[in-house]
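Raw upload_13.cif, mmCIF, C-alpha atoms and all ligand atoms:
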data_coords
#
loop_
_atom_site.label_atom_id
_atom_site.label_comp_id
_atom_site.auth_asym_id
_atom_site.auth_seq_id
_atom_site.Cartn_x
_atom_site.Cartn_y
_atom_site.Cartn_z
CA MET A 1 29.59 11.30 -0.53
CA PHE A 2 26.76 13.36 0.87
CA GLN A 3 28.16 13.67 4.41
CA ASP A 4 31.54 14.74 3.00
CA ILE A 5 30.12 17.86 1.28
CA PRO A 6 30.79 20.19 4.24
CA ASP A 7 34.40 20.26 5.42
CA SER A 8 33.14 20.03 8.99
CA VAL A 9 29.91 19.10 10.71
CA ASP A 10 29.35 19.68 14.41
CA ILE A 11 26.19 17.92 15.50
CA GLU A 12 26.56 18.74 19.22
CA PHE A 13 23.59 20.75 20.51
CA ASP A 14 24.29 24.48 20.96
CA PRO A 15 21.83 26.00 23.49
CA LEU A 16 22.65 29.63 22.57
CA PRO A 17 19.69 31.30 20.80
CA ALA A 18 19.87 32.23 17.11
CA ASN A 19 21.25 35.58 16.05
CA GLY A 20 20.64 37.54 12.85
CA GLY A 21 23.56 36.04 10.93
CA ASP A 22 22.58 32.39 11.52
CA SER A 23 21.02 30.41 8.66
CA VAL A 24 17.42 29.28 8.97
CA LEU A 25 15.77 26.13 7.63
CA CYS A 26 12.05 26.76 7.03
CA PHE A 27 10.06 23.79 5.77
CA ASP A 28 6.43 23.52 4.74
CA GLY A 29 5.60 19.86 4.13
CA ARG A 30 8.14 18.63 1.56
CA SER A 31 9.19 22.17 0.53
CA VAL A 32 11.92 24.43 1.86
CA LEU A 33 12.37 28.21 1.80
CA VAL A 34 15.38 28.94 -0.44
CA ARG A 35 16.67 31.05 -3.27
CA ILE A 36 18.24 29.13 -6.16
CA ASP A 37 21.32 31.04 -7.38
CA GLU A 38 23.22 29.53 -10.34
CA ASN A 39 21.87 26.10 -9.36
CA ARG A 40 22.95 26.50 -5.74
CA ALA A 41 20.51 26.61 -2.85
CA VAL A 42 20.83 29.75 -0.71
CA LEU A 43 19.14 29.69 2.71
CA PRO A 44 17.77 32.82 4.40
CA LYS A 45 19.52 34.27 7.44
CA LEU A 46 17.47 34.93 10.56
CA CYS A 47 17.67 38.71 9.95
CA GLU A 48 15.97 38.21 6.56
CA LEU A 49 12.87 36.61 8.12
CA VAL A 50 9.98 38.45 9.75
CA SER A 51 11.13 39.14 13.32
CA GLY A 52 9.95 37.07 16.28
CA ILE A 53 9.96 33.71 14.47
CA LYS A 54 10.51 30.75 16.81
CA THR A 55 13.60 28.69 16.01
CA VAL A 56 15.61 25.85 17.52
CA PHE A 57 19.28 24.98 16.97
CA ALA A 58 19.77 22.21 14.43
CA PHE A 59 23.54 21.75 13.82
CA LYS A 60 26.68 23.53 12.70
CA ALA A 61 28.37 22.89 9.35
CA ASP A 62 31.43 24.68 7.95
CA GLY A 63 31.22 27.11 10.88
CA ILE A 64 27.64 28.16 10.00
CA ARG A 65 24.96 27.65 12.65
CA PHE A 66 21.71 26.28 11.18
CA PHE A 67 18.43 26.76 13.00
CA LEU A 68 15.10 25.07 12.31
CA CYS A 69 12.15 27.41 11.96
CA LEU A 70 9.27 26.20 14.15
CA GLU A 71 6.54 28.20 12.40
CA LYS A 72 5.71 29.13 8.85
CA ALA A 73 7.91 32.00 7.68
CA CYS A 74 8.62 34.03 4.58
CA ALA A 75 11.53 36.17 3.44
CA GLN A 76 11.92 38.67 0.61
CA GLY A 77 13.59 37.05 -2.42
CA PHE A 78 13.09 33.49 -1.14
CA GLU A 79 10.40 30.97 -2.05
CA PHE A 80 9.35 27.46 -1.08
CA GLN A 81 10.90 24.89 -3.44
CA PRO A 82 10.13 21.15 -3.46
CA LEU A 83 12.78 19.00 -1.79
CA ASN A 84 13.19 17.11 -5.05
CA ARG A 85 14.52 20.34 -6.60
CA ILE A 86 17.18 20.52 -3.85
CA ARG A 87 18.33 17.01 -4.81
CA HIS A 88 19.47 18.42 -8.13
CA VAL A 89 21.31 21.60 -7.06
CA GLU A 90 25.11 21.75 -6.89
CA PRO A 91 26.25 19.77 -3.85
CA ASP A 92 27.31 22.22 -1.13
CA THR A 93 26.83 22.93 2.56
CA ALA A 94 23.34 24.39 2.01
CA GLN A 95 22.20 21.20 0.27
CA TYR A 96 23.58 19.11 3.13
CA ALA A 97 21.78 21.44 5.58
CA VAL A 98 18.42 21.07 3.81
CA VAL A 99 18.59 17.26 3.67
CA THR A 100 19.70 16.95 7.31
CA GLY A 101 17.42 19.79 8.46
CA PHE A 102 14.43 17.97 6.98
CA HIS A 103 15.17 15.04 9.28
CA TYR A 104 14.99 17.43 12.26
CA TYR A 105 11.82 19.08 10.88
CA CYS A 106 10.11 15.64 10.69
CA PHE A 107 11.14 15.01 14.31
CA HIS A 108 9.40 18.23 15.42
CA MET A 109 6.31 17.65 13.26
CA GLU A 110 5.88 14.08 14.52
CA ASN A 111 6.47 14.81 18.21
CA LYS A 112 4.06 17.42 19.51
CA PHE A 113 2.40 15.21 22.15
CA CYS A 114 3.67 12.42 24.39
CA SER A 115 2.84 8.96 23.07
CA VAL A 116 2.82 7.61 26.67
CA CYS A 117 0.47 10.04 28.46
CA GLY A 118 -0.77 12.42 25.74
CA ALA A 119 0.54 15.63 27.38
CA LYS A 120 2.37 18.31 25.41
CA LEU A 121 6.04 17.80 24.49
CA GLU A 122 8.47 20.69 24.82
CA HIS A 123 12.01 21.09 23.56
CA ASP A 124 14.55 20.33 26.27
CA GLY A 125 16.61 23.49 25.64
CA ALA A 126 19.92 21.84 26.54
CA LYS A 127 19.91 18.85 24.16
CA ARG A 128 18.28 17.65 20.93
CA CYS A 129 15.32 16.10 22.70
CA MET A 130 11.62 16.68 23.39
CA VAL A 131 10.45 16.25 27.00
CA CYS A 132 6.91 15.49 28.12
CA THR A 133 5.38 18.19 30.34
CA GLY A 134 3.26 15.48 32.00
CA CYS A 135 5.39 12.40 32.66
CA GLY A 136 8.92 13.52 31.75
CA ASN A 137 9.21 11.03 28.87
CA GLU A 138 12.16 12.01 26.64
CA VAL A 139 11.90 11.67 22.85
CA TYR A 140 14.95 11.79 20.58
CA PRO A 141 15.10 12.00 16.77
CA LYS A 142 14.36 8.63 15.19
CA ILE A 143 16.91 7.28 12.73
CA ALA A 144 15.87 4.30 10.61
CA PRO A 145 18.76 2.07 9.47
CA ALA A 146 18.49 0.73 5.94
CA VAL A 147 20.85 -1.40 3.86
CA ILE A 148 21.97 -0.87 0.27
CA LEU A 149 23.38 -3.91 -1.41
CA GLY A 150 25.64 -4.32 -4.43
CA ILE A 151 25.17 -7.96 -5.51
CA ILE A 152 28.06 -9.06 -7.71
CA ASP A 153 28.28 -12.04 -10.06
CA ARG A 154 32.02 -12.74 -10.51
CA GLU A 155 31.40 -15.29 -13.30
CA THR A 156 29.85 -12.74 -15.66
CA ASP A 157 31.55 -9.69 -14.02
CA SER A 158 28.14 -8.08 -13.48
CA ILE A 159 26.25 -6.25 -10.75
CA LEU A 160 22.54 -6.36 -10.08
CA LEU A 161 20.80 -3.03 -10.74
CA THR A 162 17.16 -2.27 -10.02
CA ARG A 163 14.52 0.37 -10.58
CA TYR A 164 11.82 1.16 -8.03
CA ALA A 165 8.24 0.51 -9.06
CA ASP A 166 6.54 3.63 -7.76
CA ARG A 167 8.97 6.25 -6.47
CA GLU A 168 10.00 9.71 -7.62
CA TYR A 169 13.53 8.34 -8.11
CA LYS A 170 13.57 6.74 -11.58
CA LYS A 171 17.28 6.03 -12.16
CA TYR A 172 19.01 2.71 -11.59
CA ALA A 173 19.37 1.78 -7.93
CA LEU A 174 20.66 -1.18 -5.91
CA VAL A 175 18.72 -3.66 -3.81
CA ALA A 176 17.80 -1.83 -0.60
CA GLY A 177 15.51 -2.04 2.40
CA PHE A 178 14.98 -1.27 6.06
CA VAL A 179 16.57 -3.24 8.86
CA GLU A 180 13.78 -4.89 10.84
CA MET A 181 13.77 -5.23 14.63
CA GLY A 182 15.86 -8.07 15.99
CA GLU A 183 17.89 -8.20 12.78
CA SER A 184 21.53 -7.33 12.02
CA ALA A 185 22.30 -5.18 8.97
CA GLU A 186 23.89 -8.23 7.31
CA ALA A 187 20.78 -10.33 7.93
CA ALA A 188 18.65 -7.53 6.45
CA ALA A 189 20.89 -7.53 3.37
CA LYS A 190 20.37 -11.29 2.92
CA ARG A 191 16.62 -11.01 3.43
CA GLU A 192 16.21 -8.05 1.05
CA ALA A 193 18.23 -9.81 -1.66
CA MET A 194 15.93 -12.82 -1.39
CA GLU A 195 12.69 -10.80 -1.14
CA GLU A 196 13.40 -8.36 -3.99
CA THR A 197 15.26 -10.61 -6.42
CA GLY A 198 15.04 -14.22 -5.21
CA LEU A 199 18.86 -14.37 -5.04
CA GLU A 200 20.93 -15.96 -2.31
CA ILE A 201 24.08 -14.04 -1.33
CA THR A 202 27.34 -14.76 0.44
CA ASP A 203 30.61 -12.96 1.39
CA ILE A 204 28.78 -9.83 2.61
CA GLU A 205 31.32 -7.04 2.96
CA TYR A 206 30.77 -3.57 4.51
CA PHE A 207 31.45 -0.64 2.15
CA ALA A 208 30.32 2.65 3.78
CA SER A 209 27.42 4.39 5.50
CA GLN A 210 25.54 7.60 4.76
CA PRO A 211 22.97 9.72 6.62
CA TRP A 212 19.94 10.51 4.47
CA GLY A 213 17.62 12.97 6.18
CA PHE A 214 14.97 13.08 3.44
CA ALA A 215 13.81 9.66 4.69
CA GLN A 216 15.25 9.83 8.25
CA ASN A 217 17.64 7.02 7.33
CA LEU A 218 21.11 5.87 8.05
CA LEU A 219 22.05 3.93 4.90
CA VAL A 220 24.59 1.13 5.30
CA GLY A 221 26.19 -0.11 2.09
CA TYR A 222 27.41 -3.68 1.51
CA PHE A 223 28.76 -5.65 -1.40
CA ALA A 224 28.04 -9.36 -1.64
CA GLN A 225 28.49 -12.25 -4.05
CA VAL A 226 25.57 -14.11 -5.56
CA LYS A 227 25.42 -17.76 -4.46
CA GLY A 228 23.78 -20.49 -6.51
CA SER A 229 21.30 -19.57 -9.24
CA ARG A 230 21.69 -16.19 -11.03
CA GLU A 231 18.07 -16.28 -12.11
CA ILE A 232 16.23 -13.15 -10.89
CA LYS A 233 12.75 -13.54 -9.43
CA MET A 234 11.77 -9.89 -9.14
CA ASP A 235 9.34 -8.57 -6.53
CA THR A 236 6.99 -6.63 -8.82
CA GLN A 237 5.43 -4.77 -5.84
CA GLU A 238 8.79 -3.11 -5.04
CA LEU A 239 10.61 -3.04 -8.37
CA SER A 240 9.89 -2.33 -12.03
CA GLU A 241 13.24 -3.72 -13.19
CA ALA A 242 16.05 -5.94 -11.88
CA VAL A 243 18.90 -6.78 -14.25
CA TRP A 244 22.49 -8.00 -14.30
CA VAL A 245 24.64 -5.22 -15.78
CA LYS A 246 28.23 -5.79 -16.99
CA ARG A 247 30.95 -3.79 -15.22
CA GLU A 248 31.69 -1.57 -18.25
CA ASP A 249 27.98 -0.82 -18.81
CA VAL A 250 27.18 0.40 -15.27
CA PRO A 251 25.79 3.97 -15.57
CA ALA A 252 27.97 5.60 -12.89
CA GLN A 253 30.38 8.50 -12.53
CA PRO A 254 32.85 9.46 -9.81
CA GLY A 255 32.08 12.12 -7.21
CA GLY A 256 28.38 11.45 -6.74
CA ILE A 257 26.70 12.43 -3.49
CA SER A 258 24.66 9.26 -3.02
CA LEU A 259 25.88 6.01 -1.50
CA THR A 260 24.15 4.12 -4.34
CA GLY A 261 26.06 6.16 -6.94
CA GLU A 262 29.32 5.75 -5.03
CA MET A 263 28.83 1.97 -4.87
CA MET A 264 27.97 1.71 -8.56
CA TRP A 265 31.11 3.73 -9.34
CA ALA A 266 33.21 1.55 -7.00
CA PHE A 267 32.18 -1.50 -9.03
CA LYS A 268 32.56 0.15 -12.43
CA SER A 269 36.03 1.44 -11.56
CA SER A 270 37.09 -2.03 -10.31
CA GLN A 271 37.42 -1.07 -6.63
CA ARG A 272 35.21 -4.08 -5.92
ZN ZN A 301 4.06 11.93 28.88
#
Could you express the structure from this file as structure tokens?
Amino acid sequence: MFQDIPDSVDIEFDPLPANGGDSVLCFDGRSVLVRIDENRAVLPKLCELVSGIKTVFAFKADGIRFFLCLEKACAQGFEFQPLNRIRHVEPDTAQYAVVTGFHYYCFHMENKFCSVCGAKLEHDGAKRCMVCTGCGNEVYPKIAPAVILGIIDRETDSILLTRYADREYKKYALVAGFVEMGESAEAAAKREAMEETGLEITDIEYFASQPWGFAQNLLVGYFAQVKGSREIKMDTQELSEAVWVKREDVPAQPGGISLTGEMMWAFKSSQR
């Protein structure tokens, strides 16, 4: 899965400043500065950017230190590409870095001033945290938990697949949604199943989790069995399609990077 692309990820904050050989993540809205080489994303090194650009440590993956660029930058031979393009490059450490780096970029874009007193926020320097220059309030990156749910009907040996109504992502997906406050992930799974498809579920079983920086999520995957009526009452605001698909007809392959793809493959290949 996505988080398994790099052999190693070290998320611990490294306070040492960037040097010329470190990789830099420069975002501009939903675009990132890269070069696409044989369908692989290549990120610029600090020495390839105009000098004096402000950066902050993001994380380390496969021994490479990645820094987030805090101002707009350019580099010879690199151009801003939409994040959606990065979704479709060969999975490698650079792809992981862009998706996870975008999460950190959103954190910096959304936290310039203190939401308690309105004073300026500054990076702590010793940890991944913004500190208020007025009241000392500390702000950490926000991670939104969301559930992905494979609803199985044992009687017909089928799984429920969906398509989103109005998202860039047009392929088959699974029932999914955010965990609300005061709710467990399992309760969110039950609620989302009912809201999106009108189905009651039982035997909810944890499968795996996956960070997904493009939406600042932690995705938590579950399988569950449908209980009672199999009749789908689709939420047309959220979905354009919701169908029972037989095990052999599930459009999935092994080795995908997404939790949804992994779960669809797990069902197709009879692991569930
Ligand atoms: Zn403050």
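Note that the spacing between atom CA of A:Met234 and atom CA of A:Thr260 amounts to 19.3 Å.
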Please identify all polymer residues within 12 Å of A:Gly29, counting all atoms listed in the file, omitting same-chain residues fewer than 4 positions from it, and present them as an mmCIF file with C-alpha atoms, in the coordinates of the input.
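Written output follows (around19.cif):
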data_model
loop_
_atom_site.group_PDB
_atom_site.id
_atom_site.type_symbol
_atom_site.label_atom_id
_atom_site.label_comp_id
_atom_site.auth_asym_id
_atom_site.auth_seq_id
_atom_site.Cartn_x
_atom_site.Cartn_y
_atom_site.Cartn_z
ATOM 1 C CA LEU A 33 12.370 28.210 1.800
ATOM 2 C CA GLU A 71 6.540 28.200 12.400
ATOM 3 C CA LYS A 72 5.710 29.130 8.850
ATOM 4 C CA PHE A 80 9.350 27.460 -1.080
ATOM 5 C CA GLN A 81 10.900 24.890 -3.440
ATOM 6 C CA PRO A 82 10.130 21.150 -3.460
ATOM 7 C CA LEU A 83 12.780 19.000 -1.790
ATOM 8 C CA PHE A 102 14.430 17.970 6.980
ATOM 9 C CA HIS A 103 15.170 15.040 9.280
ATOM 10 C CA TYR A 105 11.820 19.080 10.880
ATOM 11 C CA CYS A 106 10.110 15.640 10.690
ATOM 12 C CA MET A 109 6.310 17.650 13.260
ATOM 13 C CA GLU A 110 5.880 14.080 14.520
ATOM 14 C CA PHE A 214 14.970 13.080 3.440
#
Could you list, as a list in words, every residue within 12 Å of A:Pro211, counting only C-alpha atoms and ignoring same-chain residues fewer than 6 positions away?
Met1, Phe2, Gln3, Asp4, Tyr96, Ala97, Val99, Thr100, Gly101, Phe102, His103, Ile143, Ala144, Pro145, Ala146, Val147, Asn217, Leu218, Leu219, Val220, Gly221, Ile257, Ser258 and Leu259 of chain A
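Selection of all polymer residues within 9 Å of ligand ZN 301 (chain A) on the basis of only C-alpha atoms and all ligand atoms gives Phe113, Cys114, Ser115, Val116, Cys117, Gly118, Ala119, Lys120, Leu121, Val131, Cys132, Thr133, Gly134, Cys135, Gly136, Asn137 and Glu138 of chain A.
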Expressed in Å, the length from atom CA of A:Thr197 to atom CA of A:Lys233 is 4.9 Å
- prompt: Got a sec to check which residues sit within 6 Å of (13.6, 25.7, 8.3), counting all atoms listed in the file, and write them as number ranges by chain?
  reply: A: 24-27, 68-69
- Task: Could you give me, as a ChimeraX atom specification, the residues that sit within 7 Å of (18.8, 33.1, 9.1) in the file's coordinates, counting only C-alpha atoms?
- Result: /A:20-24,44-49
Please list as a VMD selection string every residue within 6 Å of stretch 156-167 of chain A, counting all atoms listed in the file and excluding residues in the same chain fewer than 5 positions away.
chain A and resid 151 172 to 174 238 to 247
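Atom to atom, atom CA of A:Asp28 and atom CA of A:Ala73 stand 9.1 Å apart.
Among A:Thr55, A:Asp124, A:Phe178, A:Phe67, the residue with the shortest atom-to-atom distance to A:Ala215, counting all atoms listed in the file, is A:Phe178.
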- Out of A:Tyr222, A:Phe78, A:Phe59, A:Phe267, which residue has the shortest atom-to-atom distance to A:Val98 when counting only C-alpha atoms?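 Among the listed residues, A:Phe59 lies closest to A:Val98.
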Using only C-alpha atoms, the residue out of A:Lys142, A:Arg191, A:Lys171, A:Arg85 with shortest distance to A:Pro251 is A:Lys171
Env of A:Cys129: 9 Å cut, atoms = all atoms listed in the file, seq-sep filter 5 positions within chain, self excluded. Answer as JSON, numbers by chain.
{"A": [122, 123, 124, 138, 139, 140, 141]}
With C-alpha atoms retained, export the selected residues as a CSV table (one decimal), keeping the file's coordinate frame.
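For reference, result-v2.csv as written:
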chain,number,residue,atom,x,y,z
A,122,GLU,CA,8.5,20.7,24.8
A,123,HIS,CA,12.0,21.1,23.6
A,124,ASP,CA,14.6,20.3,26.3
A,138,GLU,CA,12.2,12.0,26.6
A,139,VAL,CA,11.9,11.7,22.8
A,140,TYR,CA,15.0,11.8,20.6
A,141,PRO,CA,15.1,12.0,16.8
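Among the candidates A:Arg35, A:Arg40, A:Arg230, A:Lys54, the residue lying nearest to A:Asp153 is A:Arg230 (atoms considered: all atoms listed in the file).
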Box centre and edge lengths (Å, one decimal), axis-aligned, stretch 226-230 of chain A plus 5 Å each side, as JSON:
{"center_x": 23.4, "center_y": -17.3, "center_z": -7.7, "size_x": 14.3, "size_y": 16.4, "size_z": 16.6}
Judged by all atoms listed in the file, the minimum distance to A:Ile148 among A:Ser184, A:Ser229, A:Asn84, A:Gln210 is found for A:Gln210
### Query
If we count all atoms listed in the file, what is near A:Val89 at a cut-off of 8 Å, once residues fewer than 5 positions away on the same chain are taken out, given as JSON, numbers by chain?
{"A": [39, 40, 41, 95]}
Shortest contact to A:Ser8, candidates A:Val250, A:Ile64, A:Ile53, A:Ala58, atoms counted only C-alpha atoms, goes to A:Ile64
